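Below is target.txt, which holds compact mmCIF, C-alpha atoms and all ligand atoms.
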# COMPACT_ATOMS: atom_id res chain seq x y z
CA MET A 12 -10.44 1.97 -25.17
CA ARG A 13 -8.03 2.93 -22.34
CA VAL A 14 -8.38 0.98 -19.12
CA TYR A 15 -6.52 1.83 -15.94
CA LEU A 16 -6.01 -1.22 -13.73
CA ASP A 17 -2.93 -0.06 -11.86
CA ASN A 18 -4.63 1.64 -8.93
CA ASN A 19 -2.26 0.17 -6.35
CA ALA A 20 0.46 2.25 -8.02
CA THR A 21 -1.56 5.46 -8.07
CA THR A 22 -5.12 6.61 -8.65
CA ILE A 23 -6.94 9.27 -10.63
CA VAL A 24 -7.59 12.40 -8.55
CA ASP A 25 -11.30 12.58 -7.72
CA PRO A 26 -12.62 15.68 -9.60
CA HIS A 27 -14.23 16.91 -6.35
CA VAL A 28 -10.84 16.72 -4.68
CA PHE A 29 -9.26 18.71 -7.49
CA GLU A 30 -12.03 21.30 -7.33
CA GLU A 31 -11.47 21.77 -3.62
CA MET A 32 -7.70 22.18 -4.05
CA GLU A 33 -7.79 24.63 -6.94
CA PRO A 34 -8.37 27.93 -5.06
CA TYR A 35 -5.26 27.29 -2.96
CA PHE A 36 -2.85 27.64 -5.87
CA VAL A 37 -3.66 30.98 -7.46
CA GLN A 38 -6.19 32.77 -5.24
CA LYS A 39 -5.50 31.77 -1.64
CA TYR A 40 -1.78 31.17 -1.83
CA GLY A 41 -0.67 32.73 1.46
CA ASN A 42 1.69 31.00 3.84
CA PRO A 43 -0.57 29.84 6.70
CA ASN A 44 2.08 30.89 9.24
CA SER A 45 2.19 34.51 8.13
CA LEU A 46 0.34 37.30 9.95
CA HIS A 47 -1.99 38.73 7.32
CA SER A 48 -5.25 37.99 5.57
CA PHE A 49 -3.54 35.96 2.81
CA ALA A 50 -2.51 33.59 5.55
CA SER A 51 -5.73 33.55 7.52
CA GLU A 52 -7.86 32.78 4.48
CA THR A 53 -6.15 29.38 4.29
CA HIS A 54 -6.95 28.52 7.92
CA PRO A 55 -10.58 27.35 7.66
CA ALA A 56 -9.80 24.94 4.82
CA LEU A 57 -6.75 23.56 6.62
CA LYS A 58 -8.77 23.04 9.79
CA THR A 59 -11.58 21.28 7.91
CA ALA A 60 -9.13 19.09 6.00
CA MET A 61 -7.30 18.03 9.15
CA GLU A 62 -10.63 17.24 10.84
CA LYS A 63 -11.57 15.02 7.89
CA ILE A 64 -8.22 13.25 8.03
CA TYR A 65 -8.51 12.63 11.78
CA ALA A 66 -12.11 11.45 11.34
CA GLY A 67 -11.14 9.15 8.45
CA ILE A 68 -8.88 7.08 10.68
CA HIS A 69 -10.80 7.75 13.92
CA ALA A 70 -7.80 9.46 15.50
CA PRO A 71 -8.58 11.17 18.81
CA LYS A 72 -7.65 14.86 19.12
CA GLU A 73 -4.82 14.22 21.56
CA ASP A 74 -2.98 12.03 19.02
CA SER A 75 -0.99 13.55 16.14
CA VAL A 76 -1.41 13.27 12.40
CA VAL A 77 1.58 14.80 10.67
CA ILE A 78 1.31 15.58 6.98
CA THR A 79 4.42 14.49 5.09
CA SER A 80 5.35 14.44 1.40
CA CYS A 81 4.58 10.75 0.82
CA ALA A 82 4.32 7.39 2.52
CA THR A 83 7.97 6.73 1.77
CA GLU A 84 8.85 9.70 3.97
CA SER A 85 6.48 8.58 6.74
CA ASN A 86 7.95 5.06 6.75
CA ASN A 87 11.54 6.31 6.71
CA TRP A 88 10.77 8.74 9.49
CA VAL A 89 9.35 6.17 11.91
CA LEU A 90 12.09 3.60 11.40
CA LYS A 91 14.96 6.10 11.47
CA SER A 92 13.58 7.94 14.47
CA ILE A 93 13.37 4.65 16.37
CA TYR A 94 16.91 3.89 15.25
CA PHE A 95 18.24 7.23 16.51
CA GLU A 96 16.33 7.18 19.79
CA GLN A 97 16.38 3.52 20.77
CA ILE A 98 19.15 1.74 18.90
CA LEU A 99 21.90 4.31 18.50
CA THR A 100 21.53 5.14 22.20
CA GLY A 101 22.04 1.46 23.08
CA LYS A 102 18.62 1.00 24.75
CA LYS A 103 17.45 -1.58 22.19
CA ASN A 104 19.04 -3.37 19.25
CA HIS A 105 16.31 -5.06 17.20
CA ILE A 106 13.37 -4.35 14.90
CA VAL A 107 10.88 -6.66 13.17
CA VAL A 108 9.44 -6.11 9.69
CA SER A 109 7.69 -8.51 7.33
CA GLU A 110 9.72 -9.80 4.40
CA VAL A 111 7.22 -8.30 1.96
CA GLU A 112 7.05 -4.70 3.16
CA HIS A 113 7.18 -1.95 0.57
CA PRO A 114 10.78 -0.98 -0.33
CA SER A 115 10.40 2.20 1.74
CA VAL A 116 10.34 -0.04 4.83
CA ILE A 117 12.59 -2.88 3.64
CA ALA A 118 15.37 -0.62 2.38
CA THR A 119 15.24 1.45 5.58
CA ALA A 120 15.37 -1.73 7.68
CA LYS A 121 18.38 -2.87 5.66
CA TRP A 122 20.08 0.46 6.35
CA ILE A 123 19.38 0.03 10.07
CA GLU A 124 20.87 -3.47 9.81
CA SER A 125 23.94 -2.04 8.10
CA MET A 126 24.33 0.29 11.09
CA GLY A 127 24.72 -2.75 13.34
CA ALA A 128 21.17 -3.48 14.54
CA LYS A 129 19.38 -6.81 14.24
CA VAL A 130 16.43 -7.02 11.89
CA THR A 131 13.98 -9.92 11.73
CA TYR A 132 12.19 -10.29 8.40
CA LEU A 133 8.98 -12.11 9.31
CA PRO A 134 8.08 -14.62 6.57
CA ILE A 135 4.76 -14.99 4.79
CA ASN A 136 3.06 -18.36 4.36
CA HIS A 137 2.01 -20.17 1.17
CA GLU A 138 -1.10 -17.95 0.96
CA GLY A 139 0.98 -14.80 1.11
CA LEU A 140 -0.17 -14.08 4.67
CA ILE A 141 1.62 -13.28 7.92
CA GLU A 142 0.97 -15.56 10.88
CA ALA A 143 0.73 -13.22 13.88
CA GLU A 144 1.75 -15.90 16.38
CA LYS A 145 5.15 -16.11 14.67
CA LEU A 146 5.81 -12.65 16.05
CA ARG A 147 5.90 -14.03 19.61
CA GLU A 148 8.87 -16.19 18.68
CA VAL A 149 10.98 -13.27 17.49
CA ILE A 150 10.18 -10.35 19.83
CA THR A 151 12.81 -9.88 22.55
CA ASP A 152 13.23 -7.40 25.35
CA LYS A 153 15.58 -5.57 22.97
CA THR A 154 12.96 -5.10 20.24
CA ALA A 155 12.47 -1.39 19.53
CA LEU A 156 9.76 -1.56 16.84
CA VAL A 157 7.51 -3.91 14.89
CA SER A 158 6.61 -2.58 11.43
CA ILE A 159 4.16 -4.72 9.49
CA MET A 160 1.95 -3.45 6.70
CA TRP A 161 -1.85 -3.61 6.84
CA ALA A 162 -2.38 -4.71 3.23
CA ASN A 163 0.24 -5.84 0.75
CA ASN A 164 0.56 -3.77 -2.41
CA GLU A 165 1.29 -6.77 -4.68
CA THR A 166 -1.24 -9.38 -3.62
CA GLY A 167 -3.70 -7.23 -1.65
CA ALA A 168 -3.23 -9.71 1.24
CA ILE A 169 -4.63 -8.25 4.46
CA PHE A 170 -2.28 -8.91 7.35
CA PRO A 171 -3.57 -9.66 10.88
CA VAL A 172 -2.83 -6.21 12.26
CA TYR A 173 -5.31 -6.57 15.14
CA GLU A 174 -3.52 -9.64 16.51
CA ILE A 175 -0.11 -8.14 15.77
CA GLY A 176 -1.08 -4.97 17.66
CA GLU A 177 -2.19 -7.03 20.65
CA ILE A 178 1.03 -9.01 20.73
CA CYS A 179 3.06 -5.79 20.53
CA ALA A 180 1.04 -4.25 23.36
CA GLU A 181 1.55 -7.38 25.45
CA PHE A 182 5.33 -7.09 24.99
CA GLY A 183 5.31 -3.27 25.29
CA VAL A 184 6.83 -2.87 21.83
CA PRO A 185 5.69 0.03 19.59
CA PHE A 186 3.77 -1.08 16.50
CA HIS A 187 3.90 0.73 13.15
CA THR A 188 1.72 -0.25 10.22
CA ASP A 189 1.98 0.92 6.63
CA ALA A 190 -1.72 1.37 5.82
CA VAL A 191 -1.16 2.81 2.33
CA GLN A 192 -3.13 0.02 0.63
CA ALA A 193 -5.74 -0.21 3.40
CA ILE A 194 -7.28 3.28 3.40
CA GLY A 195 -10.50 3.21 1.38
CA LYS A 196 -10.37 -0.60 1.04
CA VAL A 197 -10.99 -1.74 4.61
CA PRO A 198 -12.25 0.18 7.67
CA VAL A 199 -9.29 1.88 9.36
CA ASP A 200 -9.82 2.83 12.99
CA VAL A 201 -6.69 3.56 15.00
CA GLN A 202 -8.67 3.22 18.23
CA ALA A 203 -9.87 -0.28 17.42
CA LEU A 204 -6.30 -1.33 16.81
CA ASN A 205 -3.31 -1.32 19.15
CA VAL A 206 -1.25 0.82 16.84
CA ASP A 207 1.29 3.50 17.64
CA TYR A 208 2.24 4.74 14.16
CA LEU A 209 0.28 4.45 10.92
CA THR A 210 1.33 5.56 7.45
CA PHE A 211 -0.88 6.56 4.54
CA SER A 212 -0.65 8.42 1.25
CA ALA A 213 -3.26 10.55 -0.54
CA HIS A 214 -2.47 9.48 -4.11
CA LYS A 215 -3.52 5.89 -3.37
CA PHE A 216 -7.07 6.96 -2.56
CA HIS A 217 -7.86 9.49 -5.30
CA GLY A 218 -6.04 12.37 -3.67
CA PRO A 219 -3.02 14.31 -4.95
CA LYS A 220 0.53 12.99 -5.23
CA GLY A 221 3.15 14.38 -2.88
CA VAL A 222 0.98 14.24 0.25
CA GLY A 223 1.45 11.51 2.83
CA ALA A 224 0.80 11.31 6.56
CA LEU A 225 1.96 9.67 9.72
CA TYR A 226 -0.39 9.06 12.62
CA ILE A 227 1.40 9.09 16.00
CA LYS A 228 -0.29 7.94 19.17
CA LYS A 229 0.05 10.24 22.20
CA GLY A 230 2.95 9.09 24.34
CA ARG A 231 4.83 7.61 21.35
CA GLU A 232 6.52 10.83 20.30
CA LEU A 233 9.21 10.69 17.63
CA THR A 234 12.29 12.75 16.86
CA PRO A 235 11.17 15.52 14.48
CA CYS A 236 11.27 14.54 10.86
CA PHE A 237 12.60 17.99 9.89
CA HIS A 238 13.87 20.61 12.34
CA GLY A 239 13.09 24.21 11.47
CA GLY A 240 10.16 26.57 11.81
CA SER A 241 8.12 24.18 13.97
CA GLN A 242 5.19 23.60 11.62
CA MET A 243 3.09 20.46 12.18
CA GLY A 244 3.48 20.66 15.94
CA GLY A 245 7.26 20.79 15.59
CA TYR A 246 7.33 17.33 14.03
CA ARG A 247 7.88 18.40 10.47
CA SER A 248 9.03 21.90 9.74
CA GLY A 249 8.50 23.42 6.32
CA THR A 250 5.80 25.60 4.80
CA LEU A 251 2.55 23.69 4.74
CA ASN A 252 1.39 22.18 1.45
CA VAL A 253 -2.00 23.86 1.66
CA PRO A 254 -3.55 22.54 -1.58
CA GLY A 255 -2.16 19.08 -0.83
CA ILE A 256 -3.58 18.98 2.69
CA VAL A 257 -6.94 20.27 1.46
CA GLY A 258 -6.86 17.55 -1.21
CA MET A 259 -6.00 14.81 1.23
CA GLY A 260 -8.84 15.90 3.52
CA LYS A 261 -11.40 15.76 0.74
CA ALA A 262 -9.99 12.49 -0.62
CA MET A 263 -10.15 10.90 2.83
CA GLU A 264 -13.76 11.96 3.27
CA ALA A 265 -14.65 10.57 -0.17
CA ALA A 266 -12.76 7.32 0.48
CA VAL A 267 -14.65 6.74 3.72
CA ASP A 268 -17.95 7.53 1.98
CA ALA A 269 -17.09 5.09 -0.83
CA LEU A 270 -15.91 2.27 1.44
CA ASP A 271 -19.11 0.22 1.15
CA PHE A 272 -19.08 0.65 -2.62
CA GLU A 273 -15.46 -0.48 -2.69
CA MET A 274 -16.24 -3.55 -0.60
CA THR A 275 -19.24 -4.57 -2.71
CA GLU A 276 -19.29 -3.17 -6.26
CA VAL A 277 -15.54 -2.95 -6.79
CA ARG A 278 -15.14 -6.40 -5.27
CA GLU A 279 -17.79 -7.75 -7.65
CA LEU A 280 -15.95 -6.40 -10.69
CA ARG A 281 -12.66 -7.74 -9.33
CA ASP A 282 -14.24 -11.17 -8.86
CA MET A 283 -15.73 -11.07 -12.34
CA LEU A 284 -12.26 -10.43 -13.78
CA GLU A 285 -10.66 -13.05 -11.57
CA ASP A 286 -13.25 -15.74 -12.37
CA ALA A 287 -12.75 -15.17 -16.08
CA LEU A 288 -8.95 -15.18 -15.88
CA LEU A 289 -8.90 -18.34 -13.76
CA GLU A 290 -10.83 -20.11 -16.53
CA ILE A 291 -7.63 -19.87 -18.56
CA PRO A 292 -5.65 -23.09 -17.98
CA ASP A 293 -2.48 -22.88 -15.88
CA THR A 294 -3.27 -19.68 -14.04
CA PHE A 295 -2.67 -19.22 -10.31
CA VAL A 296 -3.75 -16.75 -7.65
CA VAL A 297 -2.04 -17.03 -4.30
CA THR A 298 -4.07 -15.26 -1.63
CA PRO A 299 -7.72 -16.30 -1.14
CA ARG A 300 -10.21 -13.59 -2.09
CA ASN A 301 -11.70 -13.09 1.35
CA LYS A 302 -8.22 -12.39 2.73
CA ARG A 303 -7.45 -9.67 0.21
CA THR A 304 -8.35 -6.02 -0.38
CA PRO A 305 -11.39 -5.87 -2.65
CA ASN A 306 -9.62 -4.34 -5.64
CA THR A 307 -6.51 -6.50 -6.18
CA ILE A 308 -5.58 -9.63 -8.14
CA LEU A 309 -2.04 -10.93 -8.52
CA ILE A 310 -2.27 -13.74 -11.06
CA SER A 311 0.37 -15.90 -12.71
CA PHE A 312 0.01 -17.12 -16.29
CA ARG A 313 2.36 -20.03 -16.64
CA GLY A 314 4.70 -19.72 -19.60
CA ILE A 315 4.32 -15.94 -20.03
CA GLU A 316 6.79 -13.38 -18.74
CA GLY A 317 4.80 -10.77 -16.81
CA GLU A 318 6.49 -8.01 -18.81
CA SER A 319 5.44 -9.55 -22.13
CA MET A 320 1.86 -9.62 -20.93
CA LEU A 321 2.13 -5.96 -19.90
CA TRP A 322 3.35 -5.02 -23.37
CA ASP A 323 0.39 -6.76 -25.01
CA LEU A 324 -2.01 -5.16 -22.55
CA ASN A 325 -0.46 -1.74 -23.02
CA ARG A 326 -0.77 -2.01 -26.79
CA ALA A 327 -4.49 -2.61 -26.22
CA GLY A 328 -4.70 0.44 -23.92
CA ILE A 329 -4.77 -1.49 -20.64
CA ALA A 330 -2.51 -0.53 -17.72
CA ALA A 331 -1.55 -3.24 -15.23
CA SER A 332 1.68 -4.07 -13.39
CA THR A 333 4.08 -6.90 -12.69
CA GLY A 334 5.06 -5.47 -9.35
CA SER A 335 8.68 -6.30 -10.10
CA ALA A 336 11.51 -3.98 -10.96
CA CYS A 337 12.25 -4.39 -14.63
CA ALA A 338 15.67 -3.80 -16.09
CA SER A 339 15.81 -4.29 -19.83
CA GLU A 340 18.13 -7.28 -19.83
CA ASP A 341 17.27 -8.67 -16.45
CA LEU A 342 13.65 -9.51 -15.79
CA GLU A 343 13.14 -9.81 -12.05
CA ALA A 344 10.70 -12.15 -10.38
CA ASN A 345 7.81 -10.76 -8.37
CA SER A 346 9.18 -10.36 -4.84
CA VAL A 347 6.07 -11.59 -3.05
CA MET A 348 5.83 -14.66 -5.26
CA GLU A 349 9.49 -15.35 -4.51
CA ALA A 350 8.87 -14.95 -0.78
CA ILE A 351 6.03 -17.46 -0.99
CA GLY A 352 8.43 -19.91 -2.58
CA ALA A 353 6.56 -20.12 -5.88
CA ALA A 354 8.31 -21.92 -8.70
CA GLU A 355 10.44 -19.48 -10.65
CA ASP A 356 8.35 -19.67 -13.80
CA LEU A 357 5.31 -18.53 -11.79
CA ALA A 358 7.15 -15.78 -9.95
CA HIS A 359 8.17 -14.37 -13.33
CA THR A 360 4.68 -14.62 -14.78
CA ALA A 361 2.73 -12.68 -12.15
CA VAL A 362 0.61 -9.74 -13.28
CA ARG A 363 -1.24 -7.42 -10.92
CA PHE A 364 -4.61 -5.93 -11.79
CA SER A 365 -5.80 -3.31 -9.30
CA LEU A 366 -9.23 -1.73 -9.74
CA SER A 367 -10.81 1.39 -8.27
CA ARG A 368 -14.26 2.85 -7.78
CA TYR A 369 -13.88 4.35 -11.27
CA THR A 370 -13.49 0.95 -12.96
CA THR A 371 -16.48 -0.01 -15.11
CA GLU A 372 -17.98 -3.33 -16.16
CA GLU A 373 -17.26 -2.53 -19.83
CA GLU A 374 -13.61 -2.04 -18.97
CA ILE A 375 -13.49 -5.41 -17.23
CA GLU A 376 -15.20 -7.16 -20.14
CA TYR A 377 -12.71 -5.60 -22.54
CA THR A 378 -9.79 -6.58 -20.30
CA ILE A 379 -10.94 -10.20 -20.15
CA GLU A 380 -11.11 -10.33 -23.93
CA VAL A 381 -7.66 -8.77 -24.37
CA VAL A 382 -5.98 -10.97 -21.71
CA LYS A 383 -7.39 -14.15 -23.21
CA LYS A 384 -6.04 -13.21 -26.65
CA ALA A 385 -2.69 -12.19 -25.17
CA VAL A 386 -2.35 -15.52 -23.34
CA GLU A 387 -3.06 -17.43 -26.52
CA ARG A 388 -0.59 -15.37 -28.55
CA LEU A 389 2.19 -15.38 -25.96
CA ARG A 390 1.90 -19.04 -25.06
CA GLY A 391 1.98 -19.81 -28.77
CA ILE A 392 5.46 -18.31 -28.97
CA SER A 393 6.67 -19.37 -25.51
CA SER A 394 9.24 -22.15 -25.51
CA SER A 395 8.98 -22.51 -21.72
CA TYR A 396 5.23 -23.11 -21.90
CA ALA A 397 5.46 -25.56 -24.79
CA TYR A 398 8.13 -27.57 -22.99
CA ALA A 399 6.70 -27.38 -19.46
CA PRO A 400 6.83 -30.96 -18.18
CA GLU A 401 3.63 -32.82 -17.31
CA GLY A 402 2.56 -32.34 -13.70
CA HIS A 403 5.09 -29.55 -13.31
CA GLU A 404 5.05 -28.36 -9.67
CA SER A 405 3.83 -24.82 -9.10
CA GLY A 406 4.90 -24.55 -5.49
CA LEU A 407 1.47 -23.00 -4.98
CA ASP A 408 -2.06 -23.96 -4.13
CA ALA A 409 -4.27 -22.93 -7.00
CA HIS A 410 -7.39 -21.01 -5.98
CA HIS A 411 -9.78 -21.84 -8.75
N1 LIG B 501 3.76 1.61 1.10
C1 LIG B 501 3.00 0.88 0.27
C2 LIG B 501 2.34 -0.36 0.78
C3 LIG B 501 2.83 1.27 -1.06
O1 LIG B 501 2.08 0.54 -1.87
C4 LIG B 501 3.47 2.45 -1.51
C5 LIG B 501 3.37 2.86 -2.92
O2 LIG B 501 3.47 2.07 -3.83
C6 LIG B 501 4.24 3.18 -0.61
C7 LIG B 501 4.36 2.73 0.69
C8 LIG B 501 4.94 4.44 -1.00
O3 LIG B 501 4.00 5.48 -1.19
P1 LIG B 501 4.44 6.91 -1.67
O4 LIG B 501 4.38 6.89 -3.15
O5 LIG B 501 3.41 7.85 -1.10
O6 LIG B 501 5.78 7.18 -1.15
Take the structure I supplied and represent it as structure tokens, if you would.
Amino acid sequence: MRVYLDNNATTIVDPHVFEEMEPYFVQKYGNPNSLHSFASETHPALKTAMEKIYAGIHAPKEDSVVITSCATESNNWVLKSIYFEQILTGKKNHIVVSEVEHPSVIATAKWIESMGAKVTYLPINHEGLIEAEKLREVITDKTALVSIMWANNETGAIFPVYEIGEICAEFGVPFHTDAVQAIGKVPVDVQALNVDYLTFSAHKFHGPKGVGALYIKKGRELTPCFHGGSQMGGYRSGTLNVPGIVGMGKAMEAAVDALDFEMTEVRELRDMLEDALLEIPDTFVVTPRNKRTPNTILISFRGIEGESMLWDLNRAGIAASTGSACASEDLEANSVMEAIGAAEDLAHTAVRFSLSRYTTEEEIEYTIEVVKKAVERLRGISSSYAYAPEGHESGLDAHH
């Protein structure tokens, strides 16, 4: 049996999405900006797809949704544009990000810091959550941007973006949120939220890879991402990725349609897996279930390197993740677990299981069986587990 439980990394393309994209490779391949029928036959599908994308996040017509190549591009674009317009010009000198943003935000923030700006890395608490009120203590009149993700890719922790948006609005500071892990998992409505920029990526919700987007509220215009032929309202020049946009449109529609299913059935399967894994002694989950996206579990198995667990799982056909960069000689701790201040042996033993609407009960039953065997085998050969002192501190609250 092959079981895919790494949906926070990427997802299977929904067959209906693929079907809708297919004609735009070989049959209707015209450049939409050309002046002939090959071009015009792409227009209806592009229009429909963009309408679906706008509808999916409740964006009003006057706001912009710019299709990019990925969320990494969207995140880089917002932060760098703010740097060029606000910081390099000397108007402002500070940005705020959380300490557990995706590398596409963290690494960009570090670059901005290296250029001389101040960056505040807002900490997470022992449950892996951001406390919105902490933002008040760090915003200054020189703050150019707050960028805090909606849902964390490692733990699934849902951050208080509504409160954060309100605080930003109160201080008149633009707010960007990376909503990559939120689309299709929680309702996303840019009008219900005080948000100026919002990033998402099709391949995380059963759409194609290589298609991301950035929502931009009217009045919060950015420096163009690419200068050139003025596609995408002049924001991002370059020939449009017609099949990709069509795919994102269909995937967004399907994700919105499946939201209830995700929040009930997928959550139930996730909880079934989590309940069973927490029956194993010395296992820890950081963020409480009701404060997480419905599909994600980050669980530590004391005494077992996350990578060793992944090898055992992979041999049994199961795909999961440690969420940490892995160099062959240097096993890195999970960055979120480190940020929480978890004991090192737990930070190194975290494994992420992320489900999707395609996950079945049989797959979960099989996974439970395989994980239990793997824990027994790996703890049997683990010197650190055998010699773990009595009452050894985890640094964490266990959520059993
Ligand atoms: N932001 C978050 C929260 C993510 O989980 C990811 C992907 O792992 C990204 C950004 C980057 O997405 P993309 O692969 O579209 O660049």
For region 263-278 of chain A: contacts at 7 Å, only C-alpha atoms, fewer than 2 positions along chain excluded, given as a ChimeraX atom specification
/A:63-64,67,195-196,216,259-261,280-282,305-306,367-368
Looking at A:Glu174, A:Tyr35, A:Arg13, A:Lys91, which one is nearest to Ala50 (chain A), with distances taken over only C-alpha atoms?
A:Tyr35
Compare A:Thr370, A:Asn163, A:Asn44, A:Ser92 by their minimum atom-to-atom distance to ligand LIG 501 (chain B), counting all atoms listed in the file, and give me the closest one.
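Comparing A:Thr370, A:Asn163, A:Asn44, A:Ser92 against ligand LIG 501 (chain B), the winner is A:Asn163.
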Shell of 9 Å around ligand LIG 501 (chain B) (only C-alpha atoms and all ligand atoms), written as a VMD selection string
chain A and resid 19 to 21 80 to 86 112 to 116 160 to 165 189 to 193 210 to 215 220 to 224
Pick the closest to Thr59 (chain A) from A:Gly258, A:Pro71, A:Pro134, A:Gly101: which is it, counting only C-alpha atoms?
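Looking at the shortest contact to Thr59 (chain A), the residue is A:Gly258.
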As AutoDock Vina command-line options: centre and edge lengths in Å, one decimal, of the axis-aligned box holding region 190-194 of chain A with 8 Å per side:
--center_x -4.2 --center_y 1.5 --center_z 3.2 --size_x 22.1 --size_y 19.5 --size_z 21.2
So the first atom is CA of Glu148 (chain A) and the second is CA of Leu133 (chain A); what is the distance between them in Å, to one decimal place?
10.2 Å
